[in-house]
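**Student:** Below is final.txt; it holds compact mmCIF, C-alpha atoms.
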# COMPACT_ATOMS: atom_id res chain seq x y z
CA MET A 14 -2.44 -6.86 -18.40
CA VAL A 15 -4.14 -8.03 -15.23
CA GLY A 16 -4.76 -11.44 -16.81
CA SER A 17 -8.53 -11.39 -16.41
CA LYS A 18 -11.49 -9.11 -17.00
CA PRO A 19 -11.88 -6.56 -14.19
CA LEU A 20 -15.05 -6.96 -12.18
CA ASN A 21 -15.04 -3.35 -11.08
CA ILE A 22 -13.49 -1.28 -13.84
CA GLU A 23 -13.68 1.92 -11.80
CA LEU A 24 -11.02 0.68 -9.39
CA TYR A 25 -8.59 0.38 -12.29
CA ALA A 26 -9.50 3.81 -13.63
CA LEU A 27 -8.80 5.20 -10.17
CA ALA A 28 -5.48 3.34 -10.02
CA LEU A 29 -4.41 5.25 -13.13
CA LYS A 30 -5.21 8.64 -11.61
CA HIS A 31 -1.91 9.90 -10.26
CA ALA A 32 -2.07 12.66 -7.66
CA SER A 33 -0.30 14.99 -10.09
CA ILE A 34 -3.30 14.85 -12.47
CA ALA A 35 -6.07 14.65 -9.86
CA ASP A 36 -8.46 17.56 -9.82
CA GLU A 37 -11.68 16.26 -8.33
CA VAL A 38 -12.38 16.57 -4.61
CA VAL A 39 -15.06 14.54 -2.80
CA HIS A 40 -15.76 14.85 0.93
CA GLY A 41 -12.55 16.85 1.28
CA LEU A 42 -10.48 14.08 -0.30
CA LYS A 43 -8.63 14.58 -3.57
CA ILE A 44 -9.65 11.71 -5.83
CA SER A 45 -6.37 10.10 -6.85
CA ASN A 46 -4.67 6.74 -6.74
CA GLU A 47 -2.80 7.48 -3.50
CA ARG A 48 -5.07 5.40 -1.29
CA LEU A 49 -4.82 2.44 -3.66
CA GLU A 50 -1.07 2.94 -3.80
CA TYR A 51 -0.93 2.72 0.01
CA LEU A 52 -2.92 -0.51 -0.10
CA GLY A 53 -0.98 -1.98 -3.01
CA ASP A 54 2.35 -1.13 -1.43
CA ALA A 55 1.34 -3.12 1.68
CA PHE A 56 0.25 -6.21 -0.25
CA LEU A 57 3.14 -6.09 -2.67
CA GLY A 58 5.47 -6.00 0.34
CA ALA A 59 3.73 -8.90 2.07
CA ILE A 60 3.57 -11.11 -1.02
CA ILE A 61 7.23 -10.50 -1.82
CA ALA A 62 8.06 -11.15 1.84
CA GLU A 63 6.46 -14.57 1.56
CA PHE A 64 8.11 -15.28 -1.79
CA LEU A 65 11.57 -14.62 -0.33
CA TYR A 66 10.75 -16.47 2.90
CA GLN A 67 9.97 -19.59 0.86
CA LYS A 68 12.77 -19.19 -1.65
CA PHE A 69 15.50 -18.74 0.95
CA PRO A 70 14.78 -21.07 3.88
CA TYR A 71 18.27 -20.64 5.35
CA ARG A 72 18.74 -16.89 5.16
CA ASP A 73 18.10 -14.59 8.08
CA GLU A 74 15.58 -11.77 8.23
CA GLY A 75 18.25 -9.12 7.60
CA PHE A 76 18.92 -10.67 4.21
CA LEU A 77 15.21 -11.06 3.45
CA THR A 78 14.48 -7.44 4.40
CA GLU A 79 17.36 -6.09 2.33
CA THR A 80 16.48 -8.19 -0.73
CA ARG A 81 12.84 -7.16 -0.52
CA SER A 82 13.72 -3.49 -0.28
CA ARG A 83 15.75 -3.88 -3.48
CA MET A 84 12.72 -5.38 -5.21
CA VAL A 85 10.19 -2.77 -4.15
CA ASN A 86 12.33 0.32 -4.57
CA ARG A 87 10.98 2.96 -6.91
CA GLU A 88 13.54 2.41 -9.67
CA ALA A 89 12.83 -1.33 -9.78
CA LEU A 90 9.07 -0.81 -9.87
CA ASN A 91 9.34 1.85 -12.58
CA GLU A 92 11.23 -0.66 -14.67
CA ILE A 93 8.61 -3.37 -14.14
CA ALA A 94 5.83 -0.92 -14.99
CA ARG A 95 7.59 -0.39 -18.30
CA LYS A 96 7.97 -4.11 -18.92
CA ILE A 97 4.34 -4.99 -18.33
CA GLY A 98 3.04 -2.17 -20.50
CA LEU A 99 1.77 0.12 -17.77
CA GLN A 100 4.05 2.92 -18.89
CA LYS A 101 2.39 3.03 -22.32
CA ILE A 102 -1.08 3.23 -20.80
CA ILE A 103 0.02 6.11 -18.58
CA GLU A 104 1.69 7.94 -21.43
CA ALA A 105 -1.31 7.53 -23.70
CA GLN A 106 -3.53 8.88 -20.95
CA GLN A 107 -1.28 11.90 -20.46
CA SER A 108 -0.60 12.67 -24.09
CA GLY A 109 -1.65 16.12 -25.16
CA LYS A 110 -2.09 17.17 -21.57
CA ASN A 111 0.04 19.74 -19.99
CA PHE A 112 1.59 17.65 -17.23
CA GLN A 113 5.17 16.89 -16.62
CA ILE A 114 5.43 13.17 -15.97
CA HIS A 115 7.33 12.38 -12.80
CA LYS A 116 9.37 9.26 -13.22
CA SER A 117 8.00 7.76 -10.02
CA ILE A 118 4.51 7.85 -11.55
CA TYR A 119 5.12 4.41 -13.10
CA GLY A 120 6.07 2.63 -9.89
CA ASP A 121 3.38 4.50 -7.94
CA THR A 122 0.79 3.43 -10.48
CA LEU A 123 1.98 -0.16 -10.43
CA GLU A 124 1.44 -0.23 -6.66
CA ALA A 125 -1.97 1.36 -7.05
CA MET A 126 -2.79 -1.31 -9.64
CA VAL A 127 -1.91 -4.02 -7.11
CA GLY A 128 -4.25 -2.28 -4.65
CA ALA A 129 -7.03 -2.17 -7.26
CA ILE A 130 -6.57 -5.85 -8.06
CA TYR A 131 -6.75 -6.72 -4.37
CA MET A 132 -10.00 -4.78 -3.93
CA ASP A 133 -11.43 -6.21 -7.15
CA ARG A 134 -10.37 -9.85 -6.96
CA GLY A 135 -9.06 -10.59 -3.48
CA TYR A 136 -5.86 -11.97 -2.09
CA ALA A 137 -5.25 -15.20 -4.03
CA PHE A 138 -5.66 -13.47 -7.39
CA THR A 139 -3.41 -10.60 -6.28
CA ARG A 140 -0.73 -12.96 -5.05
CA ASN A 141 -0.78 -14.73 -8.38
CA PHE A 142 -0.55 -11.41 -10.25
CA VAL A 143 2.39 -10.25 -8.14
CA LEU A 144 4.28 -13.52 -8.56
CA LYS A 145 3.52 -14.08 -12.25
CA ARG A 146 3.59 -10.52 -13.53
CA ILE A 147 5.94 -8.65 -11.22
CA VAL A 148 8.31 -10.98 -9.36
CA ILE A 149 8.99 -12.94 -12.54
CA HIS A 150 10.83 -9.94 -13.97
CA PHE A 151 13.45 -10.02 -11.23
CA ASP A 152 16.60 -12.02 -11.55
CA VAL A 153 16.62 -12.68 -7.82
CA ASP A 154 19.90 -14.60 -7.87
CA ASP A 155 21.57 -11.70 -9.60
CA LEU A 156 19.93 -9.30 -7.17
CA ILE A 157 21.33 -11.09 -4.14
CA THR A 158 24.87 -11.35 -5.40
CA THR A 159 24.80 -7.57 -5.40
CA THR A 160 23.16 -7.47 -1.95
CA ALA A 161 26.46 -6.28 -0.67
CA ASN A 162 28.09 -6.83 2.62
CA TYR A 163 29.22 -3.23 2.77
CA LYS A 164 31.52 -3.71 5.73
CA SER A 165 33.57 -6.40 3.94
CA LYS A 166 33.66 -4.23 0.87
CA ILE A 167 35.09 -1.21 2.63
CA ILE A 168 37.62 -3.34 4.53
CA GLU A 169 38.78 -4.96 1.27
CA TRP A 170 39.15 -1.53 -0.25
CA SER A 171 41.24 -0.26 2.69
CA GLN A 172 43.55 -3.27 2.41
CA LYS A 173 44.00 -2.78 -1.31
CA GLU A 174 44.70 0.91 -0.84
CA SER A 175 46.86 0.36 2.28
CA LYS A 176 44.71 2.65 4.39
CA VAL A 177 44.08 2.30 8.10
CA ILE A 178 40.37 1.84 8.66
CA GLU A 179 38.58 2.11 12.00
CA PHE A 180 34.96 1.60 13.02
CA SER A 181 34.32 3.77 16.03
CA THR A 182 31.14 3.89 18.11
CA VAL A 183 30.46 7.57 18.60
CA SER A 184 27.37 7.36 20.77
CA VAL A 185 24.68 5.07 22.13
CA THR A 186 21.39 6.73 22.97
CA GLY A 187 17.98 5.47 24.01
CA ASN A 188 16.88 3.34 26.92
CA GLN A 189 17.16 -0.31 27.89
CA ARG A 190 14.66 -1.42 25.28
CA PHE A 191 15.34 0.79 22.31
CA LYS A 192 18.89 1.82 21.58
CA GLU A 193 20.44 3.80 18.78
CA PHE A 194 24.09 3.34 17.96
CA THR A 195 26.05 5.85 15.93
CA VAL A 196 29.15 4.51 14.28
CA GLU A 197 31.80 6.50 12.47
CA ILE A 198 34.25 5.18 9.92
CA LEU A 199 37.70 6.69 9.95
CA VAL A 200 40.19 6.23 7.13
CA ASP A 201 43.68 7.21 8.16
CA ARG A 202 42.11 8.95 11.15
CA THR A 203 39.78 11.07 9.04
CA SER A 204 36.04 10.51 9.38
CA ILE A 205 34.51 9.58 6.02
CA ALA A 206 31.05 8.41 7.00
CA THR A 207 28.66 7.76 9.86
CA GLY A 208 25.71 5.44 10.28
CA LYS A 209 22.97 4.83 12.80
CA GLY A 210 21.15 1.66 13.78
CA ALA A 211 19.43 -0.27 16.54
CA THR A 212 22.49 -2.49 16.94
CA LYS A 213 26.17 -1.80 16.56
CA LYS A 214 26.26 -4.21 13.62
CA LYS A 215 23.45 -2.39 11.82
CA ALA A 216 25.04 1.01 12.48
CA GLU A 217 28.33 -0.31 11.08
CA GLN A 218 26.58 -1.59 7.95
CA GLU A 219 24.87 1.76 7.47
CA ALA A 220 28.14 3.63 7.93
CA ALA A 221 29.91 1.21 5.58
CA LYS A 222 27.16 1.66 2.99
CA ALA A 223 27.53 5.45 3.15
CA ALA A 224 31.30 5.07 2.88
CA CYS A 225 31.00 2.75 -0.15
CA GLU A 226 28.71 5.27 -1.78
CA SER A 227 30.97 8.23 -1.17
CA LEU A 228 33.98 6.26 -2.44
CA SER A 229 31.95 5.00 -5.44
CA LEU A 230 32.66 1.36 -4.56
CA LEU A 231 29.16 0.11 -5.43
CA MET B 19 -5.45 -18.56 21.30
CA VAL B 20 -5.28 -18.96 17.52
CA GLY B 21 -8.91 -20.06 17.48
CA SER B 22 -8.31 -23.41 15.82
CA LYS B 23 -6.01 -26.40 16.15
CA PRO B 24 -2.67 -25.81 14.52
CA LEU B 25 -1.97 -28.03 11.53
CA ASN B 26 1.78 -27.70 11.87
CA ILE B 27 2.58 -27.24 15.55
CA GLU B 28 6.28 -26.74 14.88
CA LEU B 29 5.64 -23.40 13.25
CA TYR B 30 4.09 -22.15 16.49
CA ALA B 31 6.93 -23.56 18.58
CA LEU B 32 9.31 -21.68 16.32
CA ALA B 33 7.24 -18.49 16.66
CA LEU B 34 7.83 -18.65 20.41
CA LYS B 35 11.60 -18.89 20.04
CA HIS B 36 12.88 -15.36 20.45
CA ALA B 37 16.37 -14.62 19.13
CA SER B 38 17.51 -13.90 22.69
CA ILE B 39 16.92 -17.55 23.68
CA ALA B 40 17.94 -19.20 20.41
CA ASP B 41 20.95 -21.46 20.59
CA GLU B 42 20.60 -23.89 17.72
CA VAL B 43 22.25 -23.21 14.36
CA VAL B 44 21.28 -25.02 11.15
CA HIS B 45 22.94 -24.31 7.79
CA GLY B 46 24.55 -21.24 9.34
CA LEU B 47 21.17 -19.83 10.40
CA LYS B 48 20.33 -19.31 14.05
CA ILE B 49 16.98 -21.03 14.60
CA SER B 50 14.74 -18.30 16.03
CA ASN B 51 11.45 -16.61 15.30
CA GLU B 52 13.02 -13.70 13.41
CA ARG B 53 12.11 -14.98 9.95
CA LEU B 54 8.51 -15.57 11.02
CA GLU B 55 8.49 -12.12 12.61
CA TYR B 56 9.58 -10.62 9.27
CA LEU B 57 6.75 -12.47 7.52
CA GLY B 58 4.15 -11.68 10.19
CA ASP B 59 5.10 -8.02 10.25
CA ALA B 60 4.42 -7.81 6.50
CA PHE B 61 1.00 -9.48 6.66
CA LEU B 62 -0.05 -7.66 9.81
CA GLY B 63 0.79 -4.41 8.03
CA ALA B 64 -1.12 -5.36 4.89
CA ILE B 65 -4.22 -6.58 6.71
CA ILE B 66 -4.36 -3.47 8.87
CA ALA B 67 -3.80 -1.36 5.75
CA GLU B 68 -6.91 -2.91 4.21
CA PHE B 69 -8.88 -2.57 7.42
CA LEU B 70 -8.18 1.18 7.57
CA TYR B 71 -8.71 1.60 3.83
CA GLN B 72 -12.22 0.19 4.19
CA LYS B 73 -13.03 1.89 7.48
CA PHE B 74 -12.03 5.37 6.34
CA PRO B 75 -13.11 5.80 2.71
CA TYR B 76 -12.64 9.56 2.77
CA ARG B 77 -9.27 9.88 4.47
CA ASP B 78 -6.04 10.31 2.55
CA GLU B 79 -3.07 7.96 2.56
CA GLY B 80 -1.12 10.16 4.97
CA PHE B 81 -3.80 9.61 7.59
CA LEU B 82 -4.00 5.88 6.83
CA THR B 83 -0.23 5.48 7.07
CA GLU B 84 0.00 7.40 10.34
CA THR B 85 -2.90 5.51 11.93
CA ARG B 86 -1.44 2.17 10.87
CA SER B 87 1.96 3.03 12.29
CA ARG B 88 0.28 3.76 15.62
CA MET B 89 -1.37 0.35 15.54
CA VAL B 90 1.72 -1.67 14.69
CA ASN B 91 4.21 0.12 16.94
CA ARG B 92 6.05 -2.03 19.45
CA GLU B 93 4.30 -0.63 22.52
CA ALA B 94 0.86 -1.25 21.04
CA LEU B 95 1.73 -4.81 20.01
CA ASN B 96 3.27 -5.58 23.41
CA GLU B 97 -0.01 -4.53 24.97
CA ILE B 98 -2.07 -6.73 22.62
CA ALA B 99 0.26 -9.69 23.30
CA ARG B 100 -0.57 -9.24 26.97
CA LYS B 101 -4.31 -9.04 26.30
CA ILE B 102 -4.50 -12.21 24.23
CA GLY B 103 -2.46 -14.26 26.69
CA LEU B 104 0.75 -14.50 24.71
CA GLN B 105 2.72 -12.82 27.47
CA LYS B 106 1.86 -15.61 29.91
CA ILE B 107 2.96 -18.30 27.49
CA ILE B 108 6.27 -16.52 26.95
CA GLU B 109 6.82 -16.01 30.66
CA ALA B 110 6.01 -19.64 31.46
CA GLN B 111 8.44 -20.72 28.79
CA GLN B 112 11.20 -18.54 30.22
CA SER B 113 10.62 -19.22 33.89
CA GLY B 114 13.60 -20.67 35.68
CA LYS B 115 15.84 -19.77 32.77
CA ASN B 116 18.53 -17.24 33.08
CA PHE B 117 17.32 -14.77 30.47
CA GLN B 118 16.41 -11.20 30.89
CA ILE B 119 13.11 -10.66 29.10
CA HIS B 120 13.22 -7.73 26.71
CA LYS B 121 9.93 -5.92 26.65
CA SER B 122 9.80 -5.99 22.87
CA ILE B 123 9.77 -9.81 23.02
CA TYR B 124 5.96 -9.75 23.32
CA GLY B 125 5.29 -7.67 20.24
CA ASP B 126 8.01 -9.49 18.29
CA THR B 127 6.45 -12.82 19.21
CA LEU B 128 2.97 -11.63 18.27
CA GLU B 129 4.27 -10.76 14.81
CA ALA B 130 6.01 -14.13 14.56
CA MET B 131 2.74 -15.77 15.55
CA VAL B 132 0.97 -14.00 12.68
CA GLY B 133 3.70 -15.32 10.37
CA ALA B 134 3.24 -18.85 11.73
CA ILE B 135 -0.52 -18.65 11.24
CA TYR B 136 -0.05 -17.49 7.68
CA MET B 137 2.29 -20.38 6.89
CA ASP B 138 0.02 -22.85 8.68
CA ARG B 139 -3.43 -21.75 7.57
CA GLY B 140 -3.11 -19.28 4.72
CA TYR B 141 -4.29 -15.77 4.10
CA ALA B 142 -8.03 -15.84 4.83
CA PHE B 143 -7.52 -17.45 8.23
CA THR B 144 -4.73 -15.01 9.08
CA ARG B 145 -6.82 -12.03 8.05
CA ASN B 146 -9.59 -13.24 10.31
CA PHE B 147 -7.18 -13.75 13.20
CA VAL B 148 -5.70 -10.27 12.80
CA LEU B 149 -9.13 -8.61 12.62
CA LYS B 150 -10.81 -10.63 15.37
CA ARG B 151 -7.95 -11.08 17.80
CA ILE B 152 -5.70 -8.09 17.27
CA VAL B 153 -7.51 -5.18 15.63
CA ILE B 154 -10.49 -5.66 17.92
CA HIS B 155 -8.39 -4.51 20.87
CA PHE B 156 -7.85 -1.09 19.36
CA ASP B 157 -10.22 1.74 19.99
CA VAL B 158 -9.58 3.10 16.52
CA ASP B 159 -11.76 6.16 16.98
CA ASP B 160 -9.85 7.06 20.10
CA LEU B 161 -6.61 6.36 18.29
CA ILE B 162 -7.42 8.77 15.49
CA THR B 163 -8.49 11.61 17.72
CA THR B 164 -4.98 11.41 19.06
CA THR B 165 -3.55 11.00 15.55
CA ALA B 166 -2.41 14.47 16.01
CA ASN B 167 -2.01 17.17 13.53
CA TYR B 168 1.23 18.14 15.20
CA LYS B 169 1.57 21.38 13.30
CA SER B 170 -1.81 22.68 14.54
CA LYS B 171 -0.93 21.53 18.02
CA ILE B 172 2.34 23.43 18.16
CA ILE B 173 0.74 26.53 16.63
CA GLU B 174 -2.07 26.45 19.19
CA TRP B 175 0.50 26.12 21.93
CA SER B 176 2.48 29.12 20.67
CA GLN B 177 -0.68 31.23 20.58
CA LYS B 178 -1.62 30.25 24.11
CA GLU B 179 1.89 30.98 25.34
CA SER B 180 2.24 34.14 23.24
CA LYS B 181 5.38 32.89 21.57
CA VAL B 182 6.45 33.70 18.03
CA ILE B 183 6.68 30.46 16.06
CA GLU B 184 8.36 30.05 12.67
CA PHE B 185 8.68 27.10 10.31
CA SER B 186 11.85 27.57 8.35
CA THR B 187 13.09 25.40 5.48
CA VAL B 188 16.76 24.85 6.23
CA SER B 189 17.72 22.79 3.22
CA VAL B 190 16.43 20.86 0.23
CA THR B 191 18.67 18.07 -0.99
CA GLY B 192 18.29 15.31 -3.58
CA ASN B 193 17.51 15.40 -7.25
CA GLN B 194 14.47 16.12 -9.42
CA ARG B 195 12.76 12.88 -8.51
CA PHE B 196 13.67 12.34 -4.86
CA LYS B 197 13.91 15.34 -2.60
CA GLU B 198 14.55 15.71 1.10
CA PHE B 199 13.40 18.81 2.92
CA THR B 200 14.74 19.81 6.30
CA VAL B 201 12.54 22.11 8.31
CA GLU B 202 13.40 23.85 11.54
CA ILE B 203 10.95 25.20 14.09
CA LEU B 204 11.95 28.38 15.86
CA VAL B 205 10.21 29.65 18.97
CA ASP B 206 11.07 33.24 19.70
CA ARG B 207 13.93 32.86 17.24
CA THR B 208 15.42 29.83 19.03
CA SER B 209 15.47 26.52 17.22
CA ILE B 210 13.61 23.87 19.18
CA ALA B 211 13.27 21.04 16.68
CA THR B 212 14.00 19.92 13.14
CA GLY B 213 12.35 17.41 10.86
CA LYS B 214 13.03 15.81 7.49
CA GLY B 215 10.67 14.57 4.81
CA ALA B 216 10.10 14.05 1.11
CA THR B 217 7.82 17.08 0.99
CA LYS B 218 7.88 20.35 2.87
CA LYS B 219 4.58 19.41 4.52
CA LYS B 220 5.96 16.10 5.77
CA ALA B 221 9.14 17.71 7.06
CA GLU B 222 7.02 20.29 8.90
CA GLN B 223 4.91 17.54 10.49
CA GLU B 224 8.04 15.69 11.57
CA ALA B 225 9.55 18.83 13.04
CA ALA B 226 6.25 19.68 14.76
CA LYS B 227 6.05 16.17 16.17
CA ALA B 228 9.56 16.44 17.60
CA ALA B 229 8.68 19.86 19.03
CA CYS B 230 5.48 18.52 20.62
CA GLU B 231 7.48 15.71 22.15
CA SER B 232 10.17 17.94 23.57
CA LEU B 233 7.52 20.31 24.97
CA SER B 234 5.52 17.33 26.32
CA LEU B 235 2.39 18.41 24.43
CA LEU B 236 1.35 14.89 23.42
Would you mind writing the file's structure down as structure tokens?
**Tutor:**
Amino acid sequence: MVGSKPLNIELYALALKHASIADEVVHGLKISNERLEYLGDAFLGAIIAEFLYQKFPYRDEGFLTETRSRMVNREALNEIARKIGLQKIIEAQQSGKNFQIHKSIYGDTLEAMVGAIYMDRGYAFTRNFVLKRIVIHFDVDDLITTTANYKSKIIEWSQKESKVIEFSTVSVTGNQRFKEFTVEILVDRTSIATGKGATKKKAEQEAAKAACESLSLL
Amino acid sequence: MVGSKPLNIELYALALKHASIADEVVHGLKISNERLEYLGDAFLGAIIAEFLYQKFPYRDEGFLTETRSRMVNREALNEIARKIGLQKIIEAQQSGKNFQIHKSIYGDTLEAMVGAIYMDRGYAFTRNFVLKRIVIHFDVDDLITTTANYKSKIIEWSQKESKVIEFSTVSVTGNQRFKEFTVEILVDRTSIATGKGATKKKAEQEAAKAACESLSLL
């Protein structure tokens, strides 16, 4: 699955040890894949950041951040873990044991596997693994067409439904350097959602996202 | 400052172009350092993740995550930008111009610089730069002694002050896979702080942190 023989097989064994099945404690630390997951999460994020940076030279960082978060969310990673065969390995390992499998175990383990590969083979190998074995499963063009502009979506909806929509800034807290805006969306004068963010625009997007969710527009 | 001659000097010029001084638009994208900042932030995070992973083999991922977030916070990065001379370059560049310098410009630019180095010289060089020019400025041992266990801190405080402290779980929302706990801290039956988290323990830490902040115990 990794595409090459492991140099240090123990790293991969550790990557498969989810916290929910860990029982050994060394130096006060429960021996599980959580540390490798932390490491793998960081490198997966960085490698995908670079992939999107290169793929979309004319898109701003808001777009890049949003697209990346869609690629590394737990659901997406669970799905990839299934596609590359990691799910079967985990299930085989758990079979006959008395554990309930949490769904997030697959994505968690995939991240831990990325961490193990980094520790075993270094950056270039890991980058290649992430691009060839993980990123390849994403239809990025499809992903970005659904990277919604929530504000437009909710405004379109209000026009179609002939509702009066207002974006109202409820509060601005913080100091000169770090601000937090709270924005409320009112439909026919009734508040339907609020959102917070470091800029008014971000707070509006957050509020619009919450509104789209509550109105099932996504 | 980078420790070697740049191969592509334009990347570094771009890294110095903060969004607040950007005025050129190409293909609908404002030409600023925000994309490089996004990239640099990701690699800085990953390299520091590995540094801490190696340095603390017996600490759990909660500790590693918390320590990393203290290293990459805006205040800390602003300070490093000052130490390595980036602040002077930015100030020289802005002098005579009619811009108000945001304090976060230094940390933002440092991240963008890491992004530029990655694009210019690749991973190994960037890793070396981050370890030798950024991480070296942290007194990590000092940092971790202040990586507080907020819950212990607030409990100690309540004992010293002879107050009755309670941690009360206010709500648990979400579904089987993703939960959010809200915990409230009561001192002598009065709520002084709340916190949210994916586990009860995390929510308690968040609430304790907020309580420590509001009581100025940090």
**Student:** Near chain A, meaning an atom within 6 Å, which residues of chain B appear when counting only C-alpha atoms? Write them as number ranges by chain.
**Tutor:** B: 47, 53, 57, 60-61, 64, 67, 76, 79
**Student:** Between atom CA of Lys181 of chain B and atom CA of Lys220 of chain B, what is the distance in Å, rounded to a tenth?
**Tutor:**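 Separation between atom CA of Lys181 of chain B and atom CA of Lys220 of chain B: 23.1 Å.
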**Student:** Neighbouring residues of Ile102 of chain B were defined as those with any atom within 10 Å, considering only C-alpha atoms; residues of the same chain fewer than 3 positions away were excluded. Please report them as a list in words.
**Tutor:** Met19, Val20, Glu97, Ile98, Ala99, Gln105, Lys106, Leu128, Arg151, Ile152 and His155 of chain B
**Student:** Do you have the atom CA of Glu217 of chain A-atom CA of Val183 of chain A distance handy?
**Tutor:**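 Distance reported for this atom pair: 11.1 Å.
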**Student:** Give me, please, the distance in Å between atom CA of Cys225 of chain A and atom CA of Ser82 of chain A, quoted to one decimal.
**Tutor:**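 Answer for the atom CA of Cys225 of chain A to atom CA of Ser82 of chain A separation: 18.4 Å.
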**Student:** Pick out the residues sitting within 10 Å of Ala216 of chain B, and hand them over as JSON, numbers by chain; count all atoms listed in the file, and ignore anything fewer than 3 positions along from it in its own chain.
**Tutor:** {"B": [190, 191, 192, 196, 197, 198, 199, 200, 219, 220, 221]}
**Student:** Which neighbours of Ala221 of chain A fall inside 8 Å, counting all atoms listed in the file, when residues of the same chain fewer than 6 positions from it are skipped, and could you give them as number ranges by chain?
**Tutor:** A: 163-164, 167, 198, 206-208
**Student:** With C-alpha atoms retained, write the just-selected residues as a PDB file, in the coordinates of the input.
**Tutor:**
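Wrote it out as again14.pdb, contents follow:
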ATOM      1  CA  TYR A 163      29.220  -3.230   2.770  1.00  0.00           C
ATOM      2  CA  LYS A 164      31.520  -3.710   5.730  1.00  0.00           C
ATOM      3  CA  ILE A 167      35.090  -1.210   2.630  1.00  0.00           C
ATOM      4  CA  ILE A 198      34.250   5.180   9.920  1.00  0.00           C
ATOM      5  CA  ALA A 206      31.050   8.410   7.000  1.00  0.00           C
ATOM      6  CA  THR A 207      28.660   7.760   9.860  1.00  0.00           C
ATOM      7  CA  GLY A 208      25.710   5.440  10.280  1.00  0.00           C
TER       8      GLY A 208
END
**Student:** Name all residues at most 10 Å from Leu90 of chain A (count all atoms listed in the file; drop same-chain ones fewer than 4 positions away) and give them as a PyMOL selection string.
**Tutor:** chain A and resi 83-86+94-96+117-124+147
